[in-house]
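Shown next: start18.cif, given as mmCIF, C-alpha atoms.
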```
data_structure
loop_
_atom_site.group_PDB
_atom_site.id
_atom_site.type_symbol
_atom_site.label_atom_id
_atom_site.label_comp_id
_atom_site.auth_asym_id
_atom_site.auth_seq_id
_atom_site.Cartn_x
_atom_site.Cartn_y
_atom_site.Cartn_z
ATOM 1 C CA MET A 348 -77.179 127.662 139.581
ATOM 2 C CA LEU A 349 -76.685 130.999 137.849
ATOM 3 C CA ILE A 350 -78.873 133.964 138.809
ATOM 4 C CA LYS A 351 -79.141 136.816 136.317
ATOM 5 C CA LEU A 352 -81.518 139.548 135.234
ATOM 6 C CA ASN A 353 -83.536 138.659 132.139
ATOM 7 C CA THR A 354 -82.725 142.100 130.714
ATOM 8 C CA GLU A 355 -79.305 143.314 131.789
ATOM 9 C CA VAL A 356 -79.916 147.027 131.192
ATOM 10 C CA GLU A 357 -78.890 149.772 133.650
ATOM 11 C CA TYR A 358 -80.925 150.540 136.755
ATOM 12 C CA ARG A 359 -82.416 147.135 137.425
ATOM 13 C CA SER A 360 -81.393 144.929 140.330
ATOM 14 C CA MET A 361 -82.123 142.023 142.650
ATOM 15 C CA VAL A 362 -80.075 141.727 145.862
ATOM 16 C CA PHE A 363 -80.335 138.651 148.104
ATOM 17 C CA CYS A 364 -78.681 137.459 151.309
ATOM 18 C CA SER A 365 -75.829 134.988 150.855
ATOM 19 C CA SER A 366 -74.727 132.100 153.061
ATOM 20 C CA GLN A 367 -72.376 134.618 154.746
ATOM 21 C CA TYR A 368 -75.327 136.765 155.897
ATOM 22 C CA PRO A 369 -75.328 137.322 159.708
ATOM 23 C CA ASP A 370 -78.980 136.281 160.166
ATOM 24 C CA THR A 371 -78.929 132.525 159.481
ATOM 25 C CA ALA A 372 -82.722 132.499 158.924
ATOM 26 C CA GLU A 373 -82.217 134.649 155.800
ATOM 27 C CA ARG A 374 -79.565 132.536 154.110
ATOM 28 C CA PRO A 375 -80.402 130.661 150.876
ATOM 29 C CA LEU A 376 -82.045 127.271 151.356
ATOM 30 C CA LEU A 377 -82.979 124.573 148.865
ATOM 31 C CA VAL A 378 -85.671 122.111 149.980
ATOM 32 C CA ILE A 379 -85.822 118.892 147.923
ATOM 33 C CA THR A 380 -88.602 116.310 148.142
ATOM 34 C CA TYR A 381 -87.892 112.944 146.526
ATOM 35 C CA LYS A 382 -88.963 109.298 146.269
ATOM 36 C CA THR A 383 -86.561 106.389 146.169
ATOM 37 C CA ASP A 384 -89.026 104.204 144.210
ATOM 38 C CA SER A 385 -92.622 104.301 142.973
ATOM 39 C CA THR A 386 -94.045 102.825 146.200
ATOM 40 C CA SER A 387 -92.029 104.839 148.730
ATOM 41 C CA THR A 388 -93.303 107.853 150.631
ATOM 42 C CA ASP A 389 -91.769 111.248 149.989
ATOM 43 C CA SER A 390 -88.556 112.134 151.770
ATOM 44 C CA CYS A 391 -87.496 115.725 152.300
ATOM 45 C CA ILE A 392 -84.036 117.215 152.703
ATOM 46 C CA ASN A 393 -82.872 120.792 153.304
ATOM 47 C CA LEU A 394 -79.700 121.716 151.460
ATOM 48 C CA ALA A 395 -77.532 124.654 152.459
ATOM 49 C CA VAL A 396 -75.211 126.439 150.046
ATOM 50 C CA THR A 397 -71.812 124.784 149.607
ATOM 51 C CA GLN A 398 -70.289 127.595 147.543
ATOM 52 C CA GLU A 399 -71.443 130.867 146.004
ATOM 53 C CA ASP A 400 -70.195 134.112 144.597
ATOM 54 C CA TYR A 401 -71.378 137.150 142.756
ATOM 55 C CA LEU A 402 -69.554 138.192 139.614
ATOM 56 C CA ASP A 403 -69.350 141.580 137.941
ATOM 57 C CA ASN A 404 -67.821 142.903 134.777
ATOM 58 C CA ILE A 405 -66.576 146.137 136.370
ATOM 59 C CA ALA A 406 -63.881 144.095 138.167
ATOM 60 C CA PRO A 407 -63.865 141.026 135.900
ATOM 61 C CA ASN A 408 -60.981 139.260 137.664
ATOM 62 C CA THR A 409 -62.211 139.831 141.237
ATOM 63 C CA ASN A 410 -63.552 137.057 143.464
ATOM 64 C CA TYR A 411 -66.116 138.092 146.098
ATOM 65 C CA SER A 412 -66.614 134.746 147.876
ATOM 66 C CA THR A 413 -66.960 136.301 151.333
ATOM 67 C CA SER A 414 -69.763 138.702 150.404
ATOM 68 C CA GLN A 415 -72.950 138.877 152.488
ATOM 69 C CA GLU A 416 -75.038 139.174 149.310
ATOM 70 C CA ILE A 417 -75.700 137.540 145.975
ATOM 71 C CA ASP A 418 -76.818 139.817 143.187
ATOM 72 C CA ALA A 419 -78.303 140.195 139.753
ATOM 73 C CA ILE A 420 -77.666 143.825 138.878
ATOM 74 C CA ALA A 421 -77.294 146.156 135.904
ATOM 75 C CA TRP A 422 -76.274 149.578 137.225
ATOM 76 C CA THR A 423 -73.526 152.214 137.180
ATOM 77 C CA ALA A 424 -70.622 152.870 139.515
ATOM 78 C CA SER A 425 -68.917 156.256 139.115
ATOM 79 C CA SER A 426 -70.712 156.619 135.751
ATOM 80 C CA THR A 427 -69.398 153.261 134.524
ATOM 81 C CA SER A 428 -72.031 150.691 133.523
ATOM 82 C CA PHE A 429 -71.719 147.204 134.980
ATOM 83 C CA ILE A 430 -73.522 143.868 135.164
ATOM 84 C CA SER A 431 -73.506 141.505 138.129
ATOM 85 C CA ARG A 432 -74.626 137.868 138.260
ATOM 86 C CA SER A 433 -74.363 135.197 140.951
ATOM 87 C CA VAL A 434 -73.537 131.507 141.079
ATOM 88 C CA ILE A 435 -74.755 129.167 143.830
ATOM 89 C CA ASP A 436 -73.986 125.498 144.431
ATOM 90 C CA PHE A 437 -75.521 122.869 146.701
ATOM 91 C CA ASN A 438 -74.280 119.396 147.669
ATOM 92 C CA PHE A 439 -76.796 116.876 146.309
ATOM 93 C CA SER A 440 -74.893 113.779 147.534
ATOM 94 C CA ALA A 441 -77.399 113.185 150.378
ATOM 95 C CA ILE A 442 -80.095 112.381 147.785
ATOM 96 C CA PRO A 443 -79.915 108.644 147.040
ATOM 97 C CA ALA A 444 -78.777 107.580 143.568
ATOM 98 C CA GLY A 445 -81.775 106.800 141.387
ATOM 99 C CA ALA A 446 -84.198 108.872 143.478
ATOM 100 C CA THR A 447 -86.900 110.844 141.691
ATOM 101 C CA ILE A 448 -87.139 114.476 142.744
ATOM 102 C CA THR A 449 -90.806 115.382 143.136
ATOM 103 C CA SER A 450 -90.313 119.032 144.121
ATOM 104 C CA ALA A 451 -87.607 121.594 144.730
ATOM 105 C CA THR A 452 -88.034 124.980 146.391
ATOM 106 C CA LEU A 453 -85.275 127.570 146.539
ATOM 107 C CA SER A 454 -85.697 130.286 149.182
ATOM 108 C CA LEU A 455 -83.814 133.551 148.714
ATOM 109 C CA TYR A 456 -84.259 136.540 151.003
ATOM 110 C CA GLY A 457 -84.011 140.243 150.149
ATOM 111 C CA ASP A 458 -80.963 141.904 151.711
ATOM 112 C CA SER A 459 -82.258 144.993 153.536
ATOM 113 C CA ASN A 460 -78.736 145.659 154.891
ATOM 114 C CA THR A 461 -77.132 145.796 151.466
ATOM 115 C CA SER A 462 -74.445 148.337 150.627
ATOM 116 C CA ASN A 463 -76.152 148.466 147.212
ATOM 117 C CA TYR A 464 -78.530 151.287 148.072
ATOM 118 C CA GLN A 465 -81.015 150.334 145.370
ATOM 119 C CA GLY A 466 -82.005 146.915 146.765
ATOM 120 C CA ASP A 467 -84.473 145.313 144.350
ATOM 121 C CA SER A 468 -85.047 147.937 141.680
ATOM 122 C CA PRO A 469 -87.055 148.100 138.443
ATOM 123 C CA LEU A 470 -86.030 151.771 137.970
ATOM 124 C CA SER A 471 -85.557 151.547 134.180
ATOM 125 C CA GLY A 472 -87.856 148.594 133.478
ATOM 126 C CA SER A 473 -88.697 145.146 134.755
ATOM 127 C CA ASN A 474 -86.138 143.498 137.041
ATOM 128 C CA ASP A 475 -87.486 140.002 136.282
ATOM 129 C CA TRP A 476 -84.739 137.433 136.606
ATOM 130 C CA SER A 477 -83.883 133.809 135.928
ATOM 131 C CA ILE A 478 -82.200 130.849 137.520
ATOM 132 C CA GLN A 479 -80.232 128.718 135.073
ATOM 133 C CA ARG A 480 -78.511 125.385 135.545
ATOM 134 C CA VAL A 481 -74.721 125.662 135.530
ATOM 135 C CA THR A 482 -73.165 123.137 133.152
ATOM 136 C CA SER A 483 -69.454 123.465 133.926
ATOM 137 C CA ALA A 484 -67.297 123.226 137.025
ATOM 138 C CA TRP A 485 -66.413 126.275 139.093
ATOM 139 C CA THR A 486 -64.888 127.012 142.492
ATOM 140 C CA GLY A 487 -66.373 129.600 144.853
ATOM 141 C CA SER A 488 -63.011 130.862 146.084
ATOM 142 C CA THR A 489 -61.686 131.590 142.575
ATOM 143 C CA VAL A 490 -64.624 132.187 140.204
ATOM 144 C CA THR A 491 -64.777 135.623 138.546
ATOM 145 C CA TRP A 492 -66.717 137.309 135.745
ATOM 146 C CA ASN A 493 -63.980 136.227 133.328
ATOM 147 C CA THR A 494 -64.097 132.617 134.543
ATOM 148 C CA GLN A 495 -67.855 132.285 135.170
ATOM 149 C CA PRO A 496 -69.196 128.809 134.422
ATOM 150 C CA ALA A 497 -71.316 127.963 131.397
ATOM 151 C CA SER A 498 -75.065 127.659 131.931
ATOM 152 C CA THR A 499 -78.099 126.512 129.984
ATOM 153 C CA THR A 500 -81.588 127.897 129.493
ATOM 154 C CA ILE A 501 -82.983 124.338 129.413
ATOM 155 C CA ASP A 502 -85.330 124.068 132.425
ATOM 156 C CA GLU A 503 -84.597 127.707 133.285
ATOM 157 C CA VAL A 504 -86.882 129.181 135.947
ATOM 158 C CA SER A 505 -87.961 132.763 135.350
ATOM 159 C CA MET A 506 -89.121 134.964 138.222
ATOM 160 C CA PRO A 507 -91.352 138.044 137.856
ATOM 161 C CA GLN A 508 -90.487 141.659 138.593
ATOM 162 C CA SER A 509 -90.186 142.448 142.295
ATOM 163 C CA THR A 510 -92.971 144.309 144.056
ATOM 164 C CA SER A 511 -90.932 145.770 146.947
ATOM 165 C CA GLN A 512 -87.395 147.059 147.523
ATOM 166 C CA TYR A 513 -86.205 144.063 149.589
ATOM 167 C CA GLU A 514 -88.425 141.272 148.337
ATOM 168 C CA ASP A 515 -87.865 137.659 149.406
#
```
Please rewrite the model in this file as structure tokens.
Amino acid sequence: MLIKLNTEVEYRSMVFCSSQYPDTAERPLLVITYKTDSTSTDSCINLAVTQEDYLDNIAPNTNYSTSQEIDAIAWTASSTSFISRSVIDFNFSAIPAGATITSATLSLYGDSNTSNYQGDSPLSGSNDWSIQRVTSAWTGSTVTWNTQPASTTIDEVSMPQSTSQYED
């Protein structure tokens, strides 16, 4: 999955806890409900992140795979504009082949301990954001802005502007 602001214009941001976050209750979680056939009852599985990273164009060849946060930001650093996006991956192999997914819920938690002082900010306009499906391979320990995977807007999920500084 790719997380990005819908409008990548300065002074907008979303900052979430990553799978490296010290409080395990605030790490990303994907809950999948599925059926194996039309007569079966729903099964539910919780999927933890298998790899993630945030990417920014201010250091386009830098990998941040050990960060405690995942971001979607358009801001400035020392008067230089930058954009940050994040990629997240889950291992779906525990879902049986041929199963029909009936629901999926991704939980992300606002990072109130972020070094990004702005947290979730709509300072210059809406900080609404989207989750897109990644369509090419990537590796969490090496992905950078310059090597970010391709994504698609097909079945994209758009989220509204935040209503608090550290919104879940």
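By all atoms listed in the file, and with residues fewer than 3 positions from Tyr513 in chain A along its chain excluded, the set lying at most 12 Å from it is A:Ser360, A:Met361, A:Val362, A:Phe363, A:Cys364, A:Glu373, A:Leu455, A:Tyr456, A:Gly457, A:Asp458, A:Ser459, A:Asn460, A:Thr461, A:Asn463, A:Tyr464, A:Gln465, A:Gly466, A:Asp467, A:Ser468, A:Pro469, A:Ser509, A:Thr510.
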Pro443 in chain A: which residues within 12 Å, counting all atoms listed in the file, same-chain residues fewer than 6 positions away excluded, as a compact mmCIF listing (two decimals) with C-alpha atoms, in the frame of the given file?
```txt
# COMPACT_ATOMS: atom_id res chain seq x y z
CA ILE A 379 -85.82 118.89 147.92
CA THR A 380 -88.60 116.31 148.14
CA TYR A 381 -87.89 112.94 146.53
CA LYS A 382 -88.96 109.30 146.27
CA THR A 383 -86.56 106.39 146.17
CA ASP A 384 -89.03 104.20 144.21
CA SER A 390 -88.56 112.13 151.77
CA CYS A 391 -87.50 115.72 152.30
CA ILE A 392 -84.04 117.22 152.70
```
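Using the PyMOL selection byres ((chain A and resi 421) around 7) on this structure selects A:Glu355, A:Val356, A:Glu357, A:Tyr358, A:Arg359, A:Ser360, A:Ile420, A:Trp422, A:Phe429, A:Ile430, A:Ser431.
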Notebook entry, point to check: From the list A:Ala406, A:Val396, A:Leu377, A:Ala419, which residue is nearest Trp476 in chain A when using all atoms listed in the file?
Noted result: A:Ala419
Note to self: Take the PyMOL selection byres ((chain A and resi 432) around 8), run it mentally on this structure, and tell me the resulting residues as a PyMOL selection string.
What the structure shows: chain A and resi 349-352+401-403+417-420+430-431+433-434
For those residues, write C-alpha atoms to a file as a tab-separated table (two decimals), in the frame of the given file.
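Output contents, as saved in out-v2.tsv:
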```tsv
chain	number	residue	atom	x	y	z
A	349	LEU	CA	-76.68	131.00	137.85
A	350	ILE	CA	-78.87	133.96	138.81
A	351	LYS	CA	-79.14	136.82	136.32
A	352	LEU	CA	-81.52	139.55	135.23
A	401	TYR	CA	-71.38	137.15	142.76
A	402	LEU	CA	-69.55	138.19	139.61
A	403	ASP	CA	-69.35	141.58	137.94
A	417	ILE	CA	-75.70	137.54	145.98
A	418	ASP	CA	-76.82	139.82	143.19
A	419	ALA	CA	-78.30	140.20	139.75
A	420	ILE	CA	-77.67	143.82	138.88
A	430	ILE	CA	-73.52	143.87	135.16
A	431	SER	CA	-73.51	141.50	138.13
A	433	SER	CA	-74.36	135.20	140.95
A	434	VAL	CA	-73.54	131.51	141.08
```
Margin query: Rounded to one decimal, what separation in Å do you get between CA of Gly487 in chain A and CA of Asn410 in chain A?
Written below: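 Between CA of Gly487 in chain A and CA of Asn410 in chain A the gap works out to 8.1 Å.
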Next item on the list: Point out the residue among A:Ala441, A:Val490, A:Ile501, A:Leu470 with the least atom-to-atom distance to Glu399 in chain A, counting only C-alpha atoms.
Entry: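 Result for the nearest residue to Glu399 in chain A: A:Val490.
Checking A:Asn393, A:Asn493, A:Pro375, A:Gln415 one by one against Ser462 in chain A, counting only C-alpha atoms, you find the shortest gap at A:Gln415.
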